[in-house]
>>> print(open('final09.txt').read())   # compact mmCIF, C-alpha atoms
# COMPACT_ATOMS: atom_id res chain seq x y z
CA ASP A 1 118.37 179.96 43.68
CA TYR A 2 120.65 177.25 42.21
CA ALA A 3 118.18 175.01 40.37
CA GLY A 4 119.69 173.68 37.16
CA LEU A 5 123.17 175.03 37.89
CA PRO A 6 126.31 172.91 38.28
CA ARG A 7 127.82 173.38 41.73
CA ARG A 8 130.76 175.37 40.36
CA ASP A 9 128.25 178.02 39.20
CA PHE A 10 126.28 178.37 42.43
CA PRO A 11 125.79 182.11 42.99
CA TRP A 12 127.21 182.94 46.42
CA ARG A 13 130.72 183.40 47.82
CA PRO A 14 132.06 185.41 50.74
CA PRO A 15 132.10 188.19 51.76
CA LEU A 16 128.35 188.67 52.18
CA ARG A 17 125.61 189.25 54.71
CA LEU A 18 122.29 187.38 54.86
CA THR A 19 119.43 188.96 56.81
CA VAL A 20 116.18 187.07 57.34
CA ARG A 21 113.02 187.87 59.30
CA ALA A 22 111.34 184.61 60.20
CA ARG A 23 108.84 182.98 62.50
CA ALA A 24 107.45 179.48 62.95
CA SER A 25 104.31 177.70 64.06
CA GLY A 26 106.03 176.38 67.18
CA PRO A 27 108.20 173.29 67.73
CA LEU A 28 108.95 171.87 64.29
CA LEU A 29 109.34 168.23 63.36
CA GLY A 30 111.67 167.08 60.60
CA THR A 31 114.36 169.51 59.45
CA ALA A 32 114.22 173.23 58.65
CA GLY A 33 116.47 176.19 58.16
CA PHE A 34 117.89 178.90 55.94
CA GLY A 35 121.34 179.84 54.70
CA PHE A 36 123.75 178.51 52.10
CA TRP A 37 124.80 175.00 51.07
CA ASN A 38 126.18 173.04 48.12
CA ASN A 39 123.08 170.81 47.74
CA PRO A 40 125.15 167.64 48.22
CA PHE A 41 122.40 165.00 48.28
CA SER A 42 119.51 166.21 46.12
CA PRO A 43 119.06 164.67 42.66
CA LEU A 44 118.54 168.25 41.41
CA GLY A 45 122.20 168.92 42.22
CA GLY A 46 123.54 166.24 39.89
CA SER A 47 125.95 163.69 41.31
CA PRO A 48 126.30 163.44 45.12
CA ALA A 49 128.96 165.61 46.75
CA LEU A 50 130.59 166.05 50.13
CA PRO A 51 128.63 168.63 52.17
CA ALA A 52 129.47 172.28 52.68
CA ALA A 53 127.08 174.69 54.42
CA ILE A 54 126.76 177.84 56.49
CA TRP A 55 123.27 178.33 57.90
CA PHE A 56 120.68 178.37 60.67
CA PHE A 57 119.73 174.69 60.83
CA HIS A 58 117.16 172.62 62.70
CA ALA A 59 116.65 168.87 63.10
CA ALA A 60 114.08 167.40 65.48
CA PRO A 61 114.38 164.03 67.23
CA PRO A 62 114.78 161.26 66.26
CA SER A 63 117.44 163.15 64.28
CA ASP A 64 120.87 162.86 65.88
CA MET A 65 123.84 164.59 64.25
CA PRO A 66 126.28 165.50 67.07
CA LEU A 67 129.07 166.88 64.87
CA ALA A 68 130.39 169.62 67.19
CA GLU A 69 131.83 168.74 70.57
CA GLY A 70 129.44 169.69 73.36
CA VAL A 71 126.52 170.58 71.04
CA PRO A 72 123.43 168.32 70.92
CA GLY A 73 122.76 166.41 67.72
CA HIS A 74 119.28 167.91 67.33
CA GLY A 75 117.51 171.24 67.82
CA TRP A 76 118.09 174.66 66.28
CA LYS A 77 121.68 175.82 65.81
CA ALA A 78 123.92 178.20 63.93
CA ALA A 79 126.35 176.02 62.01
CA THR A 80 129.14 175.73 59.47
CA ILE A 81 130.71 172.72 57.76
CA ASP A 82 133.04 172.21 54.78
CA THR A 83 134.14 168.66 54.01
CA THR A 84 135.43 169.54 50.52
CA THR A 85 138.84 170.96 51.46
CA ALA A 86 142.19 169.18 51.33
CA ARG A 87 142.33 169.31 55.15
CA ALA A 88 139.01 167.48 55.34
CA LEU A 89 139.75 164.97 52.59
CA ARG A 90 142.89 163.73 54.30
CA TRP A 91 140.62 162.05 56.84
CA ALA A 92 138.81 159.99 54.17
CA PRO A 93 141.25 157.03 54.22
CA LEU A 94 141.01 157.06 58.03
CA ALA A 95 137.21 157.02 58.21
CA LEU A 96 136.98 153.42 59.44
CA PRO A 97 139.81 153.67 62.03
CA VAL A 98 138.37 156.95 63.33
CA THR A 99 134.90 155.43 63.62
CA LEU A 100 136.32 152.46 65.53
CA ALA A 101 138.36 154.72 67.79
CA ASN A 102 135.27 156.81 68.51
CA GLN A 103 133.59 153.79 70.15
CA SER A 104 135.77 154.65 73.15
CA ALA A 105 134.59 157.80 74.95
CA GLY A 106 138.20 158.67 75.83
CA LEU A 107 139.44 158.33 72.25
CA LEU A 108 136.38 160.19 70.96
CA ARG A 109 137.30 163.19 73.13
CA ARG A 110 140.87 163.07 71.81
CA VAL A 111 140.29 162.35 68.12
CA TRP A 112 137.02 164.05 67.17
CA PRO A 113 138.05 167.67 67.97
CA ARG A 114 140.83 167.35 65.37
CA VAL A 115 138.39 165.95 62.81
CA GLN A 116 135.86 168.66 63.67
CA ARG A 117 138.44 171.37 63.12
CA ASP A 118 139.58 170.02 59.75
CA LEU A 119 135.98 169.61 58.58
CA CYS A 120 135.34 173.27 59.47
CA ILE A 121 132.52 172.29 61.83
CA ALA A 122 131.37 175.05 64.16
CA GLU A 123 127.99 175.03 65.91
CA ALA A 124 126.09 176.82 68.64
CA PRO A 125 122.57 175.98 69.91
CA ILE A 126 120.01 178.75 69.46
CA ALA A 127 116.46 179.39 70.63
CA PRO A 128 113.84 178.04 68.20
CA PRO A 129 111.75 180.48 66.17
CA ALA A 130 108.32 181.17 67.63
CA GLU A 131 105.26 183.01 66.30
CA ALA A 132 106.86 186.39 67.04
CA TRP A 133 109.07 187.71 64.24
CA ARG A 134 112.83 187.58 64.82
CA SER A 135 115.73 188.89 62.76
CA TYR A 136 118.52 186.46 61.82
CA THR A 137 121.84 187.69 60.44
CA LEU A 138 124.68 185.67 58.97
CA GLU A 139 127.94 187.36 57.98
CA TRP A 140 130.07 185.05 55.84
CA ARG A 141 133.68 186.00 55.17
CA SER A 142 136.56 184.00 53.75
CA ASP A 143 138.22 183.87 57.20
CA GLY A 144 135.16 183.17 59.33
CA ALA A 145 131.53 183.87 60.10
CA ARG A 146 129.27 185.61 62.60
CA PHE A 147 125.67 184.66 63.36
CA ALA A 148 123.28 186.96 65.24
CA ILE A 149 119.63 186.93 66.32
CA ASP A 150 117.94 190.30 66.88
CA GLY A 151 121.41 191.86 66.86
CA ALA A 152 122.90 189.58 69.55
CA THR A 153 125.81 187.37 68.43
CA VAL A 154 125.12 183.65 68.92
CA LEU A 155 128.18 182.24 67.13
CA GLU A 156 131.45 183.74 65.93
CA THR A 157 133.98 181.40 64.33
CA ASP A 158 136.99 181.31 62.05
CA CYS A 159 135.44 178.27 60.31
CA ALA A 160 133.63 179.03 57.06
CA PRO A 161 133.11 177.15 53.79
CA ARG A 162 134.83 178.36 50.65
CA GLY A 163 131.87 178.42 48.28
CA PRO A 164 130.35 178.80 45.85
CA LEU A 165 127.09 177.87 47.57
CA GLY A 166 123.39 178.34 46.88
CA PHE A 167 120.74 179.95 49.08
CA VAL A 168 118.22 177.56 50.60
CA ALA A 169 115.22 177.96 52.93
CA TRP A 170 113.09 174.93 53.73
CA LEU A 171 110.86 172.93 56.04
CA ASP A 172 110.35 169.19 55.63
CA ASN A 173 109.39 166.10 57.63
CA GLN A 174 112.68 164.16 57.34
CA TRP A 175 114.90 162.95 60.15
CA MET A 176 118.53 161.84 59.89
CA VAL A 177 121.08 160.16 62.12
CA ALA A 178 124.83 160.55 61.48
CA THR A 179 127.18 160.24 64.44
CA PRO A 180 130.98 160.14 64.85
CA ARG A 181 130.54 156.61 66.20
CA GLY A 182 129.19 155.40 62.85
CA ARG A 183 125.45 155.31 63.55
CA PHE A 184 123.37 156.29 60.51
CA GLY A 185 119.67 156.41 59.73
CA TRP A 186 116.95 158.28 57.83
CA GLY A 187 113.19 158.43 57.83
CA LEU A 188 110.04 160.56 57.81
CA SER A 189 108.02 162.02 60.67
CA ASP A 190 104.29 162.72 60.74
CA ALA A 191 104.27 166.54 60.80
CA PRO A 192 100.87 167.98 59.82
CA GLY A 193 100.09 171.68 59.95
CA GLN A 194 103.49 173.11 60.76
CA TRP A 195 104.89 176.18 59.00
CA LEU A 196 107.97 178.38 58.69
CA GLU A 197 107.28 181.91 57.40
CA PHE A 198 109.63 184.59 56.05
CA ALA A 199 108.83 188.31 55.98
CA ALA A 200 112.10 189.40 54.37
CA ILE A 201 115.22 187.83 52.88
CA ARG A 202 118.16 190.04 51.93
CA ILE A 203 121.60 189.06 50.65
CA GLU A 204 124.19 191.83 50.24
CA THR A 205 127.83 191.78 49.25
CA LEU A 206 130.28 193.09 51.85
CA PRO A 207 133.47 195.06 51.12
>>> encode(input="final09.txt", output="structure tokens")
Amino acid sequence: DYAGLPRRDFPWRPPLRLTVRARASGPLLGTAGFGFWNNPFSPLGGSPALPAAIWFFHAAPPSDMPLAEGVPGHGWKAATIDTTTARALRWAPLALPVTLANQSAGLLRRVWPRVQRDLCIAEAPIAPPAEAWRSYTLEWRSDGARFAIDGATVLETDCAPRGPLGFVAWLDNQWMVATPRGRFGWGLSDAPGQWLEFAAIRIETLP
């Protein structure tokens, strides 16, 4: 719902609630999901930007994006990230030293949690959608977020992007690698016949 808009005019800010009823054809290849983001990489969004998102997100192997400590770098997850804040940007001049430090498992455990916190990264693995309908709820407030599936909370965090963001729901056949140790990659998977279906999408403003 943001096509043709500059990022400053994207339509959604907290506080709001997103409710989605969704199902899928089974294990999905590539990436998929639904929620809100700032469209940082697409040519439709104008110039590239640092990413900000709050969403239910999926990436299948060979994707590997282990951004939250203790959470796998692939699979379905509830997730937030905001790399556009002053707290996040202060790490930019240190990107190379941090990447080098992260080659050591001990230093990675010491350094990355601080980076994760300042980049507003919060994640929790969730069960993948199946052919039975499930209800997904995302409550986005200025001081945090709560994710639930069929009424059961799967992630509650005080990390949340500032906005404005645009609503996105998608399924593609891309894979991506981006690790704290500086490993990067991108490609396409052969993914015929898969689908992600939505029965309802509702966005409502909260008091």
>>> closest_residue(input="final09.txt", among="A:Pro93, A:Pro51, A:Pro125, A:Pro11", to="A:Gly75", atoms="only C-alpha atoms")
A:Pro125
>>> closest_atom_pairs(input="final09.txt", of="stretch 64-89 of chain A", to="stretch 104-124 of chain A", cutoff="8 Å", atoms="all atoms listed in the file", output="Markdown table")
| residue | atom | partner | partner_atom | distance |
| --- | --- | --- | --- | --- |
| A:Leu67 | CA | A:Ile121 | CA | 7.1 |
| A:Ala68 | CA | A:Glu123 | CA | 6.1 |
| A:Glu69 | CA | A:Pro113 | CA | 6.8 |
| A:Val71 | CA | A:Ala124 | CA | 6.7 |
| A:Lys77 | CA | A:Ala124 | CA | 5.3 |
| A:Ala78 | CA | A:Ala124 | CA | 5.4 |
| A:Ala79 | CA | A:Glu123 | CA | 4.3 |
| A:Thr80 | CA | A:Ala122 | CA | 5.2 |
| A:Ile81 | CA | A:Ile121 | CA | 4.5 |
| A:Asp82 | CA | A:Cys120 | CA | 5.3 |
| A:Thr83 | CA | A:Leu119 | CA | 5.0 |
| A:Thr85 | CA | A:Leu119 | CA | 7.8 |
| A:Arg87 | CA | A:Asp118 | CA | 5.4 |
| A:Ala88 | CA | A:Leu119 | CA | 4.9 |
>>> closest_residue(input="final09.txt", among="A:Gln103, A:Ser47, A:Ser25, A:Thr31", to="A:Gln174", atoms="all atoms listed in the file")
A:Thr31
>>> atom_distance(input="final09.txt", atom1="atom CA of A:Asn39", atom2="atom CA of A:Val168")
8.8 Å
>>> closest_residue(input="final09.txt", among="A:Asp150, A:Glu156, A:Glu197, A:Glu139", to="A:Arg17", atoms="all atoms listed in the file")
A:Glu139
>>> closest_residue(input="final09.txt", among="A:Arg181, A:Phe198, A:Arg146, A:Asp158", to="A:Pro97", atoms="all atoms listed in the file")
A:Arg181
>>> closest_residue(input="final09.txt", among="A:Tyr2, A:Phe184, A:Trp195, A:Tyr136", to="A:Trp55", atoms="all atoms listed in the file")
A:Tyr136
>>> atom_distance(input="final09.txt", atom1="atom CA of A:Gly187", atom2="atom CA of A:Thr99")
22.7 Å
>>> axis_aligned_box(input="final09.txt", around="stretch 72-83 of chain A", padding_each_side="4 Å", output="JSON")
{"center_x": 125.8, "center_y": 172.3, "center_z": 62.5, "size_x": 24.6, "size_y": 19.8, "size_z": 24.9}
>>> closest_residue(input="final09.txt", among="A:Ala199, A:Ala32, A:Leu206, A:Leu171", to="A:Ser135", atoms="all atoms listed in the file")
A:Ala199
>>> residues_around(input="final09.txt", residues="stretch 59-64 of chain A", least_positions_apart="6", cutoff="6 Å", atoms="all atoms listed in the file", output="list in words")
Leu29, Gly30, Thr31, Gly73, His74, Gly75, Trp175, Met176 and Val177 of chain A
>>> atom_distance(input="final09.txt", atom1="atom CA of A:Arg141", atom2="atom CA of A:Trp170")
23.4 Å
>>> residues_around(input="final09.txt", residues="A:Ala169", least_positions_apart="2", cutoff="9 Å", atoms="only C-alpha atoms", output="short mmCIF file (atom, residue, chain, number, x, y, z; two decimals) with C-alpha atoms, in the frame of the given file")
data_model
loop_
_atom_site.label_atom_id
_atom_site.label_comp_id
_atom_site.auth_asym_id
_atom_site.auth_seq_id
_atom_site.Cartn_x
_atom_site.Cartn_y
_atom_site.Cartn_z
CA ALA A 32 114.22 173.23 58.65
CA GLY A 33 116.47 176.19 58.16
CA PHE A 34 117.89 178.90 55.94
CA GLY A 35 121.34 179.84 54.70
CA PHE A 36 123.75 178.51 52.10
CA PHE A 167 120.74 179.95 49.08
CA LEU A 171 110.86 172.93 56.04
#
>>> build_atoms(input="final09.txt", residues="stretch 149-160 of chain A", atoms="all heavy atoms", output="PDB file, in the frame of the given file")
ATOM      1  N   ILE A 149     121.087 186.945  66.267  1.00  0.00           N
ATOM      2  CA  ILE A 149     119.630 186.930  66.320  1.00  0.00           C
ATOM      3  C   ILE A 149     119.193 188.205  67.027  1.00  0.00           C
ATOM      4  O   ILE A 149     119.625 188.470  68.161  1.00  0.00           O
ATOM      5  CB  ILE A 149     119.085 185.694  67.033  1.00  0.00           C
ATOM      6  CG1 ILE A 149     119.553 184.416  66.328  1.00  0.00           C
ATOM      7  CG2 ILE A 149     117.558 185.731  67.098  1.00  0.00           C
ATOM      8  CD1 ILE A 149     119.127 183.133  67.031  1.00  0.00           C
ATOM      9  N   ASP A 150     118.378 189.001  66.361  1.00  0.00           N
ATOM     10  CA  ASP A 150     117.940 190.300  66.880  1.00  0.00           C
ATOM     11  C   ASP A 150     119.136 191.126  67.350  1.00  0.00           C
ATOM     12  O   ASP A 150     119.091 191.796  68.392  1.00  0.00           O
ATOM     13  CB  ASP A 150     116.943 190.099  68.026  1.00  0.00           C
ATOM     14  CG  ASP A 150     115.623 189.508  67.541  1.00  0.00           C
ATOM     15  OD1 ASP A 150     115.291 189.704  66.362  1.00  0.00           O
ATOM     16  OD2 ASP A 150     114.935 188.839  68.341  1.00  0.00           O
ATOM     17  N   GLY A 151     120.229 191.053  66.590  1.00  0.00           N
ATOM     18  CA  GLY A 151     121.410 191.860  66.860  1.00  0.00           C
ATOM     19  C   GLY A 151     122.388 191.273  67.856  1.00  0.00           C
ATOM     20  O   GLY A 151     123.500 191.785  67.999  1.00  0.00           O
ATOM     21  N   ALA A 152     122.023 190.197  68.538  1.00  0.00           N
ATOM     22  CA  ALA A 152     122.900 189.580  69.550  1.00  0.00           C
ATOM     23  C   ALA A 152     123.660 188.417  68.913  1.00  0.00           C
ATOM     24  O   ALA A 152     123.042 187.506  68.335  1.00  0.00           O
ATOM     25  CB  ALA A 152     122.090 189.079  70.738  1.00  0.00           C
ATOM     26  N   THR A 153     124.987 188.426  69.023  1.00  0.00           N
ATOM     27  CA  THR A 153     125.810 187.370  68.430  1.00  0.00           C
ATOM     28  C   THR A 153     125.572 186.045  69.138  1.00  0.00           C
ATOM     29  O   THR A 153     125.609 185.967  70.367  1.00  0.00           O
ATOM     30  CB  THR A 153     127.294 187.741  68.515  1.00  0.00           C
ATOM     31  OG1 THR A 153     127.510 188.954  67.775  1.00  0.00           O
ATOM     32  CG2 THR A 153     128.178 186.649  67.941  1.00  0.00           C
ATOM     33  N   VAL A 154     125.321 184.990  68.356  1.00  0.00           N
ATOM     34  CA  VAL A 154     125.120 183.650  68.920  1.00  0.00           C
ATOM     35  C   VAL A 154     126.264 182.711  68.555  1.00  0.00           C
ATOM     36  O   VAL A 154     126.449 181.689  69.208  1.00  0.00           O
ATOM     37  CB  VAL A 154     123.779 183.056  68.457  1.00  0.00           C
ATOM     38  CG1 VAL A 154     122.610 183.859  69.035  1.00  0.00           C
ATOM     39  CG2 VAL A 154     123.679 182.984  66.937  1.00  0.00           C
ATOM     40  N   LEU A 155     127.016 183.027  67.499  1.00  0.00           N
ATOM     41  CA  LEU A 155     128.180 182.240  67.130  1.00  0.00           C
ATOM     42  C   LEU A 155     129.123 183.101  66.316  1.00  0.00           C
ATOM     43  O   LEU A 155     128.705 183.757  65.366  1.00  0.00           O
ATOM     44  CB  LEU A 155     127.769 181.000  66.299  1.00  0.00           C
ATOM     45  CG  LEU A 155     128.923 180.161  65.723  1.00  0.00           C
ATOM     46  CD1 LEU A 155     129.766 179.534  66.837  1.00  0.00           C
ATOM     47  CD2 LEU A 155     128.398 179.070  64.786  1.00  0.00           C
ATOM     48  N   GLU A 156     130.399 183.092  66.704  1.00  0.00           N
ATOM     49  CA  GLU A 156     131.450 183.740  65.930  1.00  0.00           C
ATOM     50  C   GLU A 156     132.587 182.736  65.794  1.00  0.00           C
ATOM     51  O   GLU A 156     133.040 182.168  66.796  1.00  0.00           O
ATOM     52  CB  GLU A 156     131.928 185.020  66.594  1.00  0.00           C
ATOM     53  CG  GLU A 156     132.768 185.889  65.690  1.00  0.00           C
ATOM     54  CD  GLU A 156     132.821 187.340  66.129  1.00  0.00           C
ATOM     55  OE1 GLU A 156     132.325 187.651  67.229  1.00  0.00           O
ATOM     56  OE2 GLU A 156     133.351 188.167  65.362  1.00  0.00           O
ATOM     57  N   THR A 157     133.033 182.470  64.571  1.00  0.00           N
ATOM     58  CA  THR A 157     133.980 181.400  64.330  1.00  0.00           C
ATOM     59  C   THR A 157     134.906 181.752  63.189  1.00  0.00           C
ATOM     60  O   THR A 157     134.546 182.552  62.315  1.00  0.00           O
ATOM     61  CB  THR A 157     133.237 180.080  64.003  1.00  0.00           C
ATOM     62  OG1 THR A 157     134.180 179.067  63.668  1.00  0.00           O
ATOM     63  CG2 THR A 157     132.276 180.254  62.835  1.00  0.00           C
ATOM     64  N   ASP A 158     136.102 181.159  63.190  1.00  0.00           N
ATOM     65  CA  ASP A 158     136.990 181.310  62.050  1.00  0.00           C
ATOM     66  C   ASP A 158     136.807 180.173  61.044  1.00  0.00           C
ATOM     67  O   ASP A 158     137.577 180.057  60.091  1.00  0.00           O
ATOM     68  CB  ASP A 158     138.450 181.413  62.487  1.00  0.00           C
ATOM     69  CG  ASP A 158     138.928 180.178  63.241  1.00  0.00           C
ATOM     70  OD1 ASP A 158     138.128 179.234  63.429  1.00  0.00           O
ATOM     71  OD2 ASP A 158     140.103 180.156  63.661  1.00  0.00           O
ATOM     72  N   CYS A 159     135.800 179.322  61.259  1.00  0.00           N
ATOM     73  CA  CYS A 159     135.440 178.270  60.310  1.00  0.00           C
ATOM     74  C   CYS A 159     134.380 178.794  59.347  1.00  0.00           C
ATOM     75  O   CYS A 159     133.361 179.327  59.789  1.00  0.00           O
ATOM     76  CB  CYS A 159     134.887 177.051  61.039  1.00  0.00           C
ATOM     77  SG  CYS A 159     136.113 176.120  61.962  1.00  0.00           S
ATOM     78  N   ALA A 160     134.621 178.644  58.058  1.00  0.00           N
ATOM     79  CA  ALA A 160     133.630 179.030  57.060  1.00  0.00           C
ATOM     80  C   ALA A 160     133.922 178.286  55.771  1.00  0.00           C
ATOM     81  O   ALA A 160     135.081 178.107  55.399  1.00  0.00           O
ATOM     82  CB  ALA A 160     133.660 180.539  56.813  1.00  0.00           C
TER      83      ALA A 160
END
